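J.: Structure file my_file.csv (CSV, C-alpha atoms) right here:
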```
chain,number,residue,atom,x,y,z
A,1,MET,CA,80.0,170.8,187.2
A,2,SER,CA,78.1,169.0,184.6
A,3,ALA,CA,79.3,171.4,181.9
A,4,THR,CA,82.9,170.9,183.0
A,5,SER,CA,82.7,167.2,182.9
A,6,ALA,CA,81.1,167.1,179.5
A,7,THR,CA,84.0,168.9,177.8
A,8,PRO,CA,86.6,166.2,178.2
A,9,SER,CA,84.1,163.5,177.2
A,10,SER,CA,83.4,165.2,173.9
A,11,GLY,CA,87.1,165.7,173.2
A,12,SER,CA,87.8,162.1,173.9
A,13,SER,CA,85.2,160.8,171.4
A,14,ALA,CA,86.5,163.2,168.7
A,15,ALA,CA,90.0,162.0,169.2
A,16,GLN,CA,89.0,158.3,168.9
A,17,SER,CA,87.0,158.7,165.7
A,18,PRO,CA,89.9,158.9,163.2
A,19,GLN,CA,91.7,156.0,165.0
A,20,SER,CA,88.6,153.8,164.7
A,21,LYS,CA,88.4,154.5,160.9
A,22,ARG,CA,92.0,153.5,160.1
A,23,PRO,CA,91.5,149.7,160.6
A,24,ARG,CA,88.5,149.9,158.4
A,25,LYS,CA,90.5,151.6,155.6
A,26,ARG,CA,93.3,149.0,155.9
A,27,LEU,CA,90.7,146.3,155.8
A,28,ALA,CA,89.1,147.8,152.7
A,29,THR,CA,92.5,148.2,151.0
A,30,GLY,CA,93.3,144.6,151.8
A,31,TYR,CA,90.0,143.4,150.3
A,32,ARG,CA,90.8,145.4,147.1
A,33,ILE,CA,94.3,143.9,146.8
A,34,LEU,CA,92.9,140.4,147.4
A,35,LEU,CA,90.2,141.0,144.8
A,36,ILE,CA,92.7,142.3,142.2
A,37,SER,CA,95.0,139.4,142.9
A,38,LEU,CA,92.2,136.8,142.5
A,39,SER,CA,91.0,138.5,139.4
A,40,SER,CA,94.5,138.5,137.9
A,41,LEU,CA,94.9,134.8,138.8
A,42,ILE,CA,91.6,133.9,137.2
A,43,VAL,CA,92.4,135.9,134.0
A,44,ALA,CA,95.9,134.3,133.9
A,45,GLY,CA,94.4,130.9,134.3
A,46,LEU,CA,91.8,131.4,131.6
A,47,LEU,CA,94.5,132.8,129.3
A,48,PHE,CA,96.7,129.8,130.0
A,49,VAL,CA,93.9,127.4,129.2
A,50,ALA,CA,93.0,129.3,126.0
A,51,ILE,CA,96.6,129.2,124.9
A,52,ARG,CA,96.9,125.5,125.6
A,53,MET,CA,93.7,124.7,123.8
A,54,PHE,CA,93.7,127.1,120.9
A,55,GLY,CA,97.2,128.6,120.8
A,56,TYR,CA,99.2,125.5,119.8
A,57,VAL,CA,100.4,125.7,116.2
A,58,GLU,CA,102.0,122.8,114.4
A,59,GLY,CA,102.7,122.0,110.8
A,60,THR,CA,105.1,120.6,108.2
A,61,GLU,CA,107.4,122.2,105.7
A,62,PHE,CA,109.1,120.9,102.6
A,63,ALA,CA,112.4,122.0,101.1
A,64,PRO,CA,112.1,121.3,97.3
A,65,LYS,CA,115.8,121.9,96.6
A,66,HIS,CA,116.8,119.3,99.2
A,67,PHE,CA,113.8,116.9,99.3
A,68,GLN,CA,113.5,117.2,103.0
A,69,THR,CA,110.6,117.7,105.3
A,70,ARG,CA,110.5,119.0,108.9
A,71,GLN,CA,107.8,119.5,111.5
A,72,PHE,CA,107.5,122.8,113.4
A,73,SER,CA,105.5,123.8,116.5
A,74,PHE,CA,105.1,126.8,118.8
A,75,TYR,CA,102.5,128.5,121.0
A,76,GLU,CA,100.8,131.8,120.1
A,77,ILE,CA,98.1,134.0,121.7
A,78,PRO,CA,94.8,133.0,119.9
A,79,LEU,CA,93.0,135.5,117.7
A,80,VAL,CA,95.9,138.1,117.6
A,81,HIS,CA,98.4,135.3,116.6
A,82,TRP,CA,101.3,136.7,118.7
A,83,GLN,CA,104.0,134.0,118.9
A,84,ILE,CA,105.0,133.6,122.5
A,85,THR,CA,107.4,130.6,122.4
A,86,PRO,CA,110.4,129.7,120.2
A,87,ILE,CA,109.7,127.5,117.1
A,88,ARG,CA,110.6,123.9,117.7
A,89,ARG,CA,111.6,122.0,114.5
A,90,VAL,CA,112.1,118.3,114.0
A,91,SER,CA,113.2,116.5,110.8
A,92,THR,CA,110.5,114.2,109.4
A,93,THR,CA,111.8,113.4,105.9
A,94,PRO,CA,109.9,110.4,104.5
A,95,GLU,CA,111.6,107.2,103.8
A,96,THR,CA,111.1,107.6,100.0
A,97,ALA,CA,112.7,111.0,100.0
A,98,ARG,CA,115.7,109.8,102.0
A,99,TYR,CA,116.2,106.9,99.6
A,100,LEU,CA,116.1,109.2,96.6
A,101,THR,CA,118.9,111.4,97.9
A,102,GLN,CA,121.0,108.7,99.5
A,103,SER,CA,120.9,106.6,96.3
A,104,LYS,CA,121.8,109.7,94.2
A,105,THR,CA,118.6,109.3,92.2
A,106,LEU,CA,118.3,112.9,93.1
A,107,VAL,CA,121.5,114.9,93.5
A,108,MET,CA,120.8,117.6,96.0
A,109,PRO,CA,123.1,120.6,96.9
A,110,ASN,CA,125.4,120.1,99.8
A,111,SER,CA,124.1,123.0,101.8
A,112,ILE,CA,121.5,123.9,104.5
A,113,PRO,CA,118.0,124.4,103.0
A,114,THR,CA,117.0,128.1,102.9
A,115,ARG,CA,113.6,127.7,101.2
A,116,TRP,CA,110.8,125.8,103.0
A,117,ASP,CA,107.3,125.5,101.5
A,118,LEU,CA,104.4,125.1,103.8
A,119,VAL,CA,102.9,121.6,103.5
A,120,GLU,CA,100.2,121.7,106.2
A,121,ILE,CA,99.4,123.7,109.3
A,122,LYS,CA,97.1,123.3,112.3
A,123,HIS,CA,95.9,126.0,114.7
A,124,GLY,CA,94.7,124.7,118.1
A,125,MET,CA,91.8,122.4,117.8
A,126,GLN,CA,91.1,123.2,114.2
A,127,SER,CA,91.5,120.6,111.4
A,128,LEU,CA,94.8,120.2,109.6
A,129,GLU,CA,95.0,122.6,106.6
A,130,PRO,CA,96.9,121.1,103.7
A,131,ARG,CA,98.6,123.3,101.1
A,132,ASP,CA,99.8,122.6,97.6
A,133,PRO,CA,103.2,120.9,98.6
A,134,ALA,CA,101.1,118.2,100.3
A,135,LEU,CA,100.3,116.9,96.8
A,136,LEU,CA,103.9,115.7,96.6
A,137,VAL,CA,104.6,115.0,100.2
A,138,ASP,CA,101.6,112.7,100.6
A,139,HIS,CA,103.1,110.6,97.8
A,140,LEU,CA,106.5,110.5,99.4
A,141,ARG,CA,104.8,109.3,102.7
A,142,LEU,CA,102.6,106.7,100.9
A,143,MET,CA,102.9,103.3,102.5
A,144,GLU,CA,101.4,100.0,101.6
A,145,ASP,CA,101.8,97.0,104.0
A,146,GLY,CA,104.6,98.7,105.7
A,147,THR,CA,106.5,99.5,102.5
A,148,ALA,CA,107.2,102.9,101.1
A,149,VAL,CA,105.5,102.7,97.7
A,150,TRP,CA,107.6,105.1,95.7
A,151,LYS,CA,110.8,103.9,97.3
A,152,GLN,CA,109.9,100.4,96.2
A,153,TRP,CA,109.0,101.6,92.7
A,154,SER,CA,112.3,103.5,92.4
A,155,LYS,CA,114.4,100.5,93.5
A,156,LYS,CA,112.6,98.3,91.1
A,157,ASN,CA,112.9,100.8,88.2
A,158,PRO,CA,116.2,102.6,88.7
A,159,LYS,CA,116.5,103.9,85.1
A,160,LEU,CA,112.9,105.2,85.2
A,161,ALA,CA,113.5,106.8,88.6
A,162,LYS,CA,116.6,108.6,87.3
A,163,GLN,CA,114.5,110.1,84.6
A,164,PHE,CA,111.3,110.7,86.6
A,165,TRP,CA,112.3,112.2,89.9
A,166,PRO,CA,114.3,115.1,88.6
A,167,THR,CA,111.2,116.2,86.7
A,168,ILE,CA,109.2,116.0,89.9
A,169,ASP,CA,111.9,118.0,91.7
A,170,LYS,CA,111.8,120.6,89.0
A,171,LEU,CA,108.0,121.0,89.3
A,172,ALA,CA,108.3,121.4,93.0
A,173,ASP,CA,111.0,124.0,92.6
A,174,ARG,CA,108.7,125.9,90.3
A,175,GLU,CA,105.9,125.5,92.9
A,176,LEU,CA,103.8,123.6,90.3
A,177,TYR,CA,102.8,121.0,92.9
A,178,ILE,CA,99.3,120.9,91.4
A,179,LEU,CA,100.7,119.0,88.3
A,180,ILE,CA,102.4,116.3,90.3
A,181,PRO,CA,99.7,113.8,91.4
A,182,ARG,CA,98.4,113.3,87.8
A,183,LEU,CA,101.9,112.9,86.5
A,184,MET,CA,102.7,110.3,89.1
A,185,GLU,CA,99.5,108.4,88.2
A,186,LEU,CA,100.4,108.4,84.5
A,187,THR,CA,103.9,107.2,84.9
A,188,ARG,CA,103.5,104.6,87.7
A,189,ASP,CA,102.9,101.7,85.3
A,190,VAL,CA,105.3,102.8,82.5
A,191,GLU,CA,108.0,100.2,81.8
A,192,ASP,CA,110.6,101.9,79.6
A,193,VAL,CA,112.4,105.2,79.6
A,194,ALA,CA,111.3,106.2,76.0
A,195,THR,CA,107.6,105.8,76.9
A,196,LEU,CA,108.2,107.7,80.2
A,197,LYS,CA,109.8,110.6,78.4
A,198,THR,CA,106.9,110.8,75.9
A,199,VAL,CA,104.2,110.6,78.6
A,200,VAL,CA,105.9,113.2,80.8
A,201,SER,CA,106.6,115.6,77.8
A,202,ASP,CA,103.1,115.4,76.4
A,203,TYR,CA,101.4,115.8,79.8
A,204,LEU,CA,103.5,118.7,80.9
A,205,ALA,CA,103.3,120.5,77.6
A,206,GLU,CA,99.5,120.3,77.7
A,207,GLU,CA,99.4,121.6,81.3
A,208,TYR,CA,101.9,124.4,80.6
A,209,VAL,CA,99.8,125.6,77.7
A,210,SER,CA,96.7,125.8,79.9
A,211,LEU,CA,98.6,127.5,82.8
A,212,ILE,CA,100.2,130.1,80.5
A,213,ARG,CA,96.9,131.0,79.0
A,214,ASP,CA,95.4,131.4,82.4
A,215,MET,CA,98.3,133.6,83.5
A,216,ARG,CA,97.9,135.8,80.5
A,217,ASP,CA,94.2,136.1,81.0
A,218,ALA,CA,95.0,137.2,84.6
A,219,GLN,CA,97.5,139.7,83.2
A,220,ARG,CA,100.4,137.9,84.8
A,221,ASP,CA,102.5,138.2,81.7
A,222,GLU,CA,105.9,138.1,83.3
A,223,LEU,CA,105.2,134.8,85.1
A,224,ALA,CA,103.6,133.4,81.9
A,225,ASP,CA,106.7,134.4,79.9
A,226,ALA,CA,109.0,132.7,82.4
A,227,LEU,CA,107.0,129.5,82.4
A,228,LEU,CA,106.8,129.5,78.6
A,229,SER,CA,110.6,129.9,78.3
A,230,GLU,CA,111.1,126.9,80.6
A,231,ALA,CA,108.4,124.8,78.8
A,232,LEU,CA,110.1,125.5,75.4
A,233,GLU,CA,113.4,124.2,76.8
A,234,GLU,CA,111.8,120.9,77.6
A,235,SER,CA,109.5,120.7,74.5
A,236,PRO,CA,110.9,123.0,71.9
A,237,ASP,CA,108.9,121.4,69.0
A,238,ASN,CA,105.5,121.5,70.7
A,239,PRO,CA,103.2,123.4,68.3
A,240,GLU,CA,101.0,124.9,70.9
A,241,LEU,CA,103.9,126.3,72.9
A,242,GLN,CA,105.4,127.7,69.7
A,243,SER,CA,102.0,129.3,68.9
A,244,LEU,CA,102.0,130.9,72.4
A,245,LYS,CA,105.5,132.2,71.7
A,246,LYS,CA,104.4,133.8,68.4
A,247,ASP,CA,101.3,135.3,70.0
A,248,ARG,CA,103.5,136.9,72.7
A,249,GLN,CA,105.9,138.2,70.1
A,250,THR,CA,103.1,139.8,68.2
A,251,ALA,CA,101.5,141.4,71.3
A,252,ASP,CA,104.9,142.7,72.6
A,253,PRO,CA,107.5,142.7,69.9
A,254,VAL,CA,109.9,144.9,71.9
A,255,GLY,CA,109.9,142.6,75.0
A,256,GLN,CA,110.3,139.4,72.9
A,257,THR,CA,113.2,140.4,70.7
```
Would it be possible to restate this file's structure as structure tokens?
T.:
Amino acid sequence: MSATSATPSSGSSAAQSPQSKRPRKRLATGYRILLISLSSLIVAGLLFVAIRMFGYVEGTEFAPKHFQTRQFSFYEIPLVHWQITPIRRVSTTPETARYLTQSKTLVMPNSIPTRWDLVEIKHGMQSLEPRDPALLVDHLRLMEDGTAVWKQWSKKNPKLAKQFWPTIDKLADRELYILIPRLMELTRDVEDVATLKTVVSDYLAEEYVSLIRDMRDAQRDELADALLSEALEESPDNPELQSLKKDRQTADPVGQT
């Protein structure tokens, strides 16, 4: 009797064992899903904060052929620098630059700018990083007592401005921004066109000679030859430029025929 009664009892416990394990498996699976979801949310939150703090990129560009500036901004993934939002652009052309084009002191092409030189850029919480075009744009932005300094100078000296600004535009187009601050300093107090021409010609010829020699020392002969050709157009009688031309003809008579 006891043996007979033990048999169903044993079968019943064996039958209940898998059923009792199923809720535990479902509970463990639920915990795993919850853990994965929470981990994903935490990672996504940290990534969002990192992008907001370190992934915001902004800067300024300058179009030398149109004398325009614009500001740009977008978000990127830090470190890998993957852009994740469209670039937003806003015109920020300084008052002086607008005056020069509107007054026809500078005659710009009637087209949309295609070349933009980087003026400055800022990544996240880093400091603003200026580039060479900032040497010009900072002067175009220059204000004193609420007045645009170089706009005021140009209005006061229209004949000088007509002679001066095309030279600045030409230097910008050649990406020779490094020569601009000193030239603007030298010409700011000039009072007549003849003196302005002399000051500009002498200064640029001296700087061109130095740049051409540096380029040749760096074996950038093609760039040096192009700059020498442009410099001779502006100062054909400059003895140092003529000497550089003769040196080049001696070194490469075939290429300089």
J.: Can you work out the spacing between CA of Ser201 (chain A) and CA of Ala231 (chain A) in Å, to one decimal?
T.: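 Interatomic distance, CA of Ser201 (chain A) to CA of Ala231 (chain A): 9.4 Å.
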J.: Ranking A:Glu234, A:Glu76, A:Glu185, A:Asp247 by minimum distance to His139 (chain A) and counting only C-alpha atoms, which one comes first?
T.: A:Glu185
J.: For CA of Thr93 (chain A) and CA of Gln68 (chain A), quote the distance in Å rounded to one decimal.
T.: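 Separating CA of Thr93 (chain A) from CA of Gln68 (chain A) is a distance of 5.1 Å.
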J.: Considering only C-alpha atoms, state which residue in the set A:Leu196, A:Ile121, A:Met143, A:Ala218 is at the smallest distance from Thr60 (chain A).
T.: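 Looking at the shortest contact to Thr60 (chain A), the residue is A:Ile121.
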J.: Excluding Lys155 (chain A) and its own-chain neighbours fewer than 5 positions away, which residues fall within 10 Å of it when counting all atoms listed in the file? Please give them as a list in words.
T.: Tyr99, Leu100, Ser103, Thr105, Trp150, Leu160 and Ala161 of chain A
J.: I'd like to know which of A:Lys162, A:Arg248, A:His81, A:His66 is closest to Arg98 (chain A), using all atoms listed in the file.
T.: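 Ranking A:Lys162, A:Arg248, A:His81, A:His66 by distance to Arg98 (chain A), first place goes to A:His66.
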J.: Which of these residues is nearest to Tyr56 (chain A), using all atoms listed in the file: A:Gln249, A:Ser37, A:Thr85, A:Ser235?
T.: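 Of A:Gln249, A:Ser37, A:Thr85, A:Ser235, the one nearest Tyr56 (chain A), counting all atoms listed in the file, is A:Thr85.
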J.: Find the residues around Asp189 (chain A) up to 12 Å (only C-alpha atoms counted), leave out those fewer than 5 positions away in its own chain, and share them as a PyMOL selection string.
T.: chain A and resi 150+153-154+156-157+160+183-184+195-196+199
J.: Which one of A:Ser210, A:Phe74, A:Arg174, A:Ser243 sits closest to Ala226 (chain A) if you count all atoms listed in the file?
T.: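 Answer, going by the shortest atom-to-atom distance: A:Arg174.
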J.: What's the 12 Å shell around Ile168 (chain A), counting all atoms listed in the file, without same-chain residues fewer than 5 positions away, as a ChimeraX atom specification?
T.: /A:64-65,67,97,100,105-106,133,135-137,139-140,161-163,173-184,187,200,204
J.: What does the structure give for the distance between CA of Lys245 (chain A) and CA of Ala205 (chain A), in Å to one decimal?
T.: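 Computing it gives 13.3 Å between the two atoms.
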J.: With all atoms listed in the file as the basis for distance, which of A:Arg131, A:Lys104, A:Lys122, A:Lys197 is at the shortest distance from Phe72 (chain A)?
T.: A:Lys122
